[in-house]
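For reference, the structure discussed in these notes is given below.
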Amino acid sequence: MSDELKKAALEYHAQPRPGKLSVEITKPTATSRDLSLAYSPGVAEPVREIAKDAENAYRYTNKGNLVAVISDGTAILGLGNLGPLASKPVMEGKGVLFKRFAGIDVFDIEVKAESPQAFIDTVARIADTFGGINLEDIKAPECFEIERVLIEQCSIPVFHDDQHGTAIVTAAGMLNALELQGKQIGEAKIVCLGAGAAAVACMKLLISCGAKSENIYMIDRKGVIHSGRDDLNQYKAMFALETDKRTLADACEGADVFVGLSGPDLLSVDMLKSMAPNPVIFACSNPDPEIKPELALAARDDLIMATGRSDYPNQVNNVLGFPFIFRGALDVRATAINEEMKVAAVNAIRELAKQPVPQDVVDAYGGEKFEFGKNYIIPKPMDVRLLTEVCAAVARAAVDSGVARLPYPEHYPLNSIDDIKIV
Ligand SMILES: NC(=O)C1=CN([C@@H]2O[C@H](COP(=O)(O)OP(=O)(O)OC[C@H]3O[C@@H](n4cnc5c(N)ncnc54)[C@H](OP(=O)(O)O)[C@@H]3O)[C@@H](O)[C@H]2O)C=CC1
Ligand SMILES: CC(=O)C(=O)O
Ligand SMILES: [Mg+2]
């Protein structure tokens, strides 16, 4: 990041008031009558109704449109374990994206937890306040058990965005990129640098989409994950291969795909050059990718290059997923975000990239024209059709798979956030 951008980012967060989010009032509060409805004595009535039947919380409070974005700060982007308070700008940022792209209100919650169990207990105790819980930037392997237990304990959707949001968007982009490069996913040799929350979920979903586990080389700080290692947790062990490859450089030789979910500047130009013709490079570490696009594109001209950032083409980032997935789930009051809903989101995002791009999206990106191809494998976050297509696909899948508590919404498809009706 340039010094100029770093300075601008601090200024953006500090001025004209600190932070990126505030709370707004949705009812009249001008008169004493308004206050006697909003607060004492009127507020007692919805209290009594909710005490009689918890479902009334959806009718009389903001529960149905409120998502908690919760972190313990143990894996903030690719910056590592910097603690809960330091994660707050990212969690506020997720709140901005939920609101801007899908009209969802967010409380960001940063939890100082001495153990995964303490974190679970904290979240479980506050869960009923919300319509859904988006777990964010919690490191592996703890994140897997945290999410599993919270899904079991909560009756609202619990979704670890770094796992599933990332996997959905990566799978959508990867299927399109492979198609453009003329490769079959079932034959692609895949190198995955990183073996944490995002990496494990992405590789699992790519396997569901047809990738072969025997073609996936997963790599952590100690090198290739192979069956001779005795230091693997159960999540890494699922990817252990019988192989004599040991290093990232060994794995890259002849590989078709590189997926980086690890840290900055870890893929060298020599490694990139050793890959098969027409490779796909997803260097998705934030804020700094595993290889800079300028370096990669200067080294070879037959690749498709994506990063997690907004300032390069092909932004493979969970922002294309979580706002719309939660909108669809909330609008049918789903009890979970299940595999059917995730696959529906993959297909909706993937297909959208193949449609002509509307003028307002072109305008939002400085007038540059996009069409399905090497520099446009996946839709842009500003594309309102994500709201239309992904919410509809997710809500439909929730209904069809039996986790929806409301029917498919009559007001769908959503053509703008003004069409949203809080249920
Ligand atoms: N573009 C997007 O939408 C998203 C991008 N990401 C990015 O993915 C990265 C990982 O995030 P997440 O999975 O949540 O974090 P985790 O802490 O769960 O996992 C980090 C993984 O990266 C590995 N790693 C870190 N440094 C190196 C290194 N030098 N060499 C090899 N492996 C390394 C770690 O290895 P070990 O197991 O040995 O410690 C670990 O397996 C971050 O950079 C994040 O920004 C995450 C989510 C979404
Ligand atoms: C994008 C995101 O969630 C991450 O980098 O952690
Ligand atoms: Mg994250």
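So you can find residues: chains in the structure tokens are A, B, ... in the order shown, residues in each start at 1, and ligands are numbered from 1 in order.
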* Exercise: region 200-208 of chain A partners within 10 Å, only C-alpha atoms, chain neighbours under 6 positions left out, as a PyMOL selection string -> chain A and resi 140-141+144+160+162-172+174-175+185-186+190-192+194+215-218+235-236+238-239+259+261+339+342-343+346
* Which parts of region 5-241 of chain A does DSSP call strand (DSSP E or B) when run on the backbone here, written out as a count of residues only? -> 34
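Residues in contact with Val69 (chain A) at 8 Å, where only C-alpha atoms are counted and same-chain residues fewer than 3 positions away are skipped, are listed as Met91, Lys94, Gly95, Val106, Phe107, Asp108, Ile109, Ile133, Asn134, Leu135 and Glu136 of chain A.
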Written selection (C-alpha atoms) as a short mmCIF file (atom, residue, chain, number, x, y, z; two decimals), in the first residue's frame:
data_model
loop_
_atom_site.label_atom_id
_atom_site.label_comp_id
_atom_site.auth_asym_id
_atom_site.auth_seq_id
_atom_site.Cartn_x
_atom_site.Cartn_y
_atom_site.Cartn_z
CA MET A 91 -15.97 -5.54 11.84
CA LYS A 94 -18.34 -5.62 7.38
CA GLY A 95 -21.26 -3.70 8.92
CA VAL A 106 -25.18 -4.71 12.16
CA PHE A 107 -23.80 -4.55 15.66
CA ASP A 108 -20.09 -5.26 15.59
CA ILE A 109 -18.96 -7.13 18.68
CA ILE A 133 -24.58 -14.26 13.46
CA ASN A 134 -21.64 -13.62 11.16
CA LEU A 135 -18.43 -14.88 12.75
CA GLU A 136 -15.37 -13.09 11.39
#
* Near-Phe372 (chain A) list (10 Å; only C-alpha atoms; drop same-chain fewer than 5 positions) as a ChimeraX atom specification -> /A:176-177,180,352-357,377-379
Just-selected residues, N, CA and C atoms written as a compact mmCIF listing (two decimals), in the first residue's frame:
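Wrote it out as selection.txt, contents follow:
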# COMPACT_ATOMS: atom_id res chain seq x y z
N ASN A 176 -15.43 -20.21 -13.23
CA ASN A 176 -15.40 -19.34 -14.41
C ASN A 176 -13.99 -19.23 -14.97
N ALA A 177 -13.00 -19.08 -14.09
CA ALA A 177 -11.62 -18.92 -14.56
C ALA A 177 -11.15 -20.18 -15.29
N LEU A 180 -12.62 -20.36 -18.70
CA LEU A 180 -11.94 -19.45 -19.63
C LEU A 180 -10.57 -19.97 -20.05
N LEU A 352 -23.93 -14.67 -13.04
CA LEU A 352 -24.03 -13.22 -13.22
C LEU A 352 -22.84 -12.65 -14.00
N ALA A 353 -21.66 -13.24 -13.79
CA ALA A 353 -20.46 -12.74 -14.49
C ALA A 353 -20.58 -12.90 -16.00
N LYS A 354 -21.47 -13.78 -16.44
CA LYS A 354 -21.58 -14.04 -17.88
C LYS A 354 -22.61 -13.14 -18.56
N GLN A 355 -23.34 -12.37 -17.75
CA GLN A 355 -24.37 -11.48 -18.30
C GLN A 355 -23.76 -10.13 -18.66
N PRO A 356 -24.36 -9.41 -19.63
CA PRO A 356 -23.85 -8.07 -19.95
C PRO A 356 -23.89 -7.17 -18.71
N VAL A 357 -22.89 -6.30 -18.58
CA VAL A 357 -22.77 -5.47 -17.38
C VAL A 357 -23.57 -4.17 -17.57
N ILE A 377 -13.91 -12.17 -14.30
CA ILE A 377 -14.37 -13.56 -14.09
C ILE A 377 -15.51 -13.61 -13.10
N ILE A 378 -15.75 -12.49 -12.41
CA ILE A 378 -16.69 -12.49 -11.30
C ILE A 378 -17.32 -11.09 -11.21
N PRO A 379 -18.60 -10.98 -10.76
CA PRO A 379 -19.22 -9.65 -10.75
C PRO A 379 -18.50 -8.68 -9.81
* Asked: Mind pulling up the distance from CA of Arg396 (chain A) to CA of Asn56 (chain A)?
  -> 24.4 Å
* Excluding same-chain residues fewer than 4 positions from Ile156 (chain A), what lies within 10 Å of it counting only C-alpha atoms, as a PyMOL selection string? -> chain A and resi 127-128+130-133+150-152+329-330+333-337
* Using only C-alpha atoms and all ligand atoms, find each protein or nucleic acid residue lying at most 8 Å from ligand 3; present the set as a PyMOL selection string. => chain A and resi 75-77+90+136-138+161-162+318
Would you export the selected residues with C-alpha atoms as a short mmCIF file (atom, residue, chain, number, x, y, z; two decimals), in the first residue's frame, please?
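Saved the output as out.cif:
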data_model
loop_
_atom_site.label_atom_id
_atom_site.label_comp_id
_atom_site.auth_asym_id
_atom_site.auth_seq_id
_atom_site.Cartn_x
_atom_site.Cartn_y
_atom_site.Cartn_z
CA ALA A 75 -6.97 -13.79 12.46
CA ILE A 76 -7.60 -10.22 11.33
CA LEU A 77 -7.41 -10.32 7.54
CA VAL A 90 -12.77 -4.61 9.98
CA GLU A 136 -15.37 -13.09 11.39
CA ASP A 137 -11.58 -13.35 11.51
CA ILE A 138 -11.33 -16.18 14.04
CA ASP A 161 -17.71 -15.75 6.75
CA ASP A 162 -13.98 -16.46 6.31
CA ASN A 318 -16.41 -12.63 0.49
#
* Asked: Could you pull out the helix (DSSP H, G or I) residues of region 342-399 of chain A from DSSP and send them as number ranges by chain?
  -> A: 342-352, 359-364, 385-399
Could you please take those selected residues and save C-alpha atoms as a PDB file, in the first residue's frame?
ATOM      1  CA  LYS A 342     -24.263 -22.121  -0.389  1.00  0.00           C
ATOM      2  CA  VAL A 343     -24.332 -23.980  -3.725  1.00  0.00           C
ATOM      3  CA  ALA A 344     -27.219 -21.788  -4.894  1.00  0.00           C
ATOM      4  CA  ALA A 345     -25.110 -18.714  -4.102  1.00  0.00           C
ATOM      5  CA  VAL A 346     -22.107 -20.114  -6.018  1.00  0.00           C
ATOM      6  CA  ASN A 347     -24.214 -20.686  -9.122  1.00  0.00           C
ATOM      7  CA  ALA A 348     -25.949 -17.299  -8.937  1.00  0.00           C
ATOM      8  CA  ILE A 349     -22.644 -15.381  -8.580  1.00  0.00           C
ATOM      9  CA  ARG A 350     -21.016 -17.453 -11.293  1.00  0.00           C
ATOM     10  CA  GLU A 351     -23.812 -16.953 -13.818  1.00  0.00           C
ATOM     11  CA  LEU A 352     -24.026 -13.217 -13.218  1.00  0.00           C
ATOM     12  CA  GLN A 359     -24.174   0.978 -17.393  1.00  0.00           C
ATOM     13  CA  ASP A 360     -24.401   2.020 -13.712  1.00  0.00           C
ATOM     14  CA  VAL A 361     -21.782  -0.614 -12.818  1.00  0.00           C
ATOM     15  CA  VAL A 362     -19.572   0.593 -15.672  1.00  0.00           C
ATOM     16  CA  ASP A 363     -19.999   4.167 -14.393  1.00  0.00           C
ATOM     17  CA  ALA A 364     -19.169   3.149 -10.793  1.00  0.00           C
ATOM     18  CA  ARG A 385     -27.909  -7.619  -9.587  1.00  0.00           C
ATOM     19  CA  LEU A 386     -26.092  -9.510  -6.800  1.00  0.00           C
ATOM     20  CA  LEU A 387     -28.965  -8.415  -4.553  1.00  0.00           C
ATOM     21  CA  THR A 388     -31.485  -9.580  -7.130  1.00  0.00           C
ATOM     22  CA  GLU A 389     -29.956 -12.924  -8.040  1.00  0.00           C
ATOM     23  CA  VAL A 390     -28.088 -14.158  -4.959  1.00  0.00           C
ATOM     24  CA  CYS A 391     -30.836 -13.306  -2.438  1.00  0.00           C
ATOM     25  CA  ALA A 392     -33.441 -15.016  -4.626  1.00  0.00           C
ATOM     26  CA  ALA A 393     -31.312 -18.130  -5.143  1.00  0.00           C
ATOM     27  CA  VAL A 394     -30.494 -18.413  -1.429  1.00  0.00           C
ATOM     28  CA  ALA A 395     -34.090 -17.828  -0.281  1.00  0.00           C
ATOM     29  CA  ARG A 396     -35.395 -20.366  -2.823  1.00  0.00           C
ATOM     30  CA  ALA A 397     -32.834 -22.957  -1.710  1.00  0.00           C
ATOM     31  CA  ALA A 398     -33.752 -22.368   1.949  1.00  0.00           C
ATOM     32  CA  VAL A 399     -37.426 -22.958   1.172  1.00  0.00           C
TER      33      VAL A 399
END
* For CA of Ser87 (chain A) and CA of Val384 (chain A), quote the distance in Å rounded to one decimal. => 28.0 Å
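Of the residues under consideration (A:Ile325, A:Gly173, A:Glu110, A:Glu290), A:Gly173 shows the shortest atom-to-atom contact distance to Tyr376 (chain A) when counting only C-alpha atoms.
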* Asked: Skipping near chain neighbours, those fewer than 5 positions away, what residues fall within 7 Å of region 241-245 of chain A using only C-alpha atoms, listed as an NGL selection string?
  -> :A and (214 or 224-227 or 250-251)
* Minimum-distance residue to ligand 1, chosen among A:Gln234, A:Asn81, A:Thr122, A:Ser40 (using only C-alpha atoms and all ligand atoms) -> A:Asn81
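Take the candidates A:Leu97, A:Ser401, A:Glu92, A:Lys139 and check each one against Met382 (chain A) using only C-alpha atoms; the shortest distance goes to A:Leu97.
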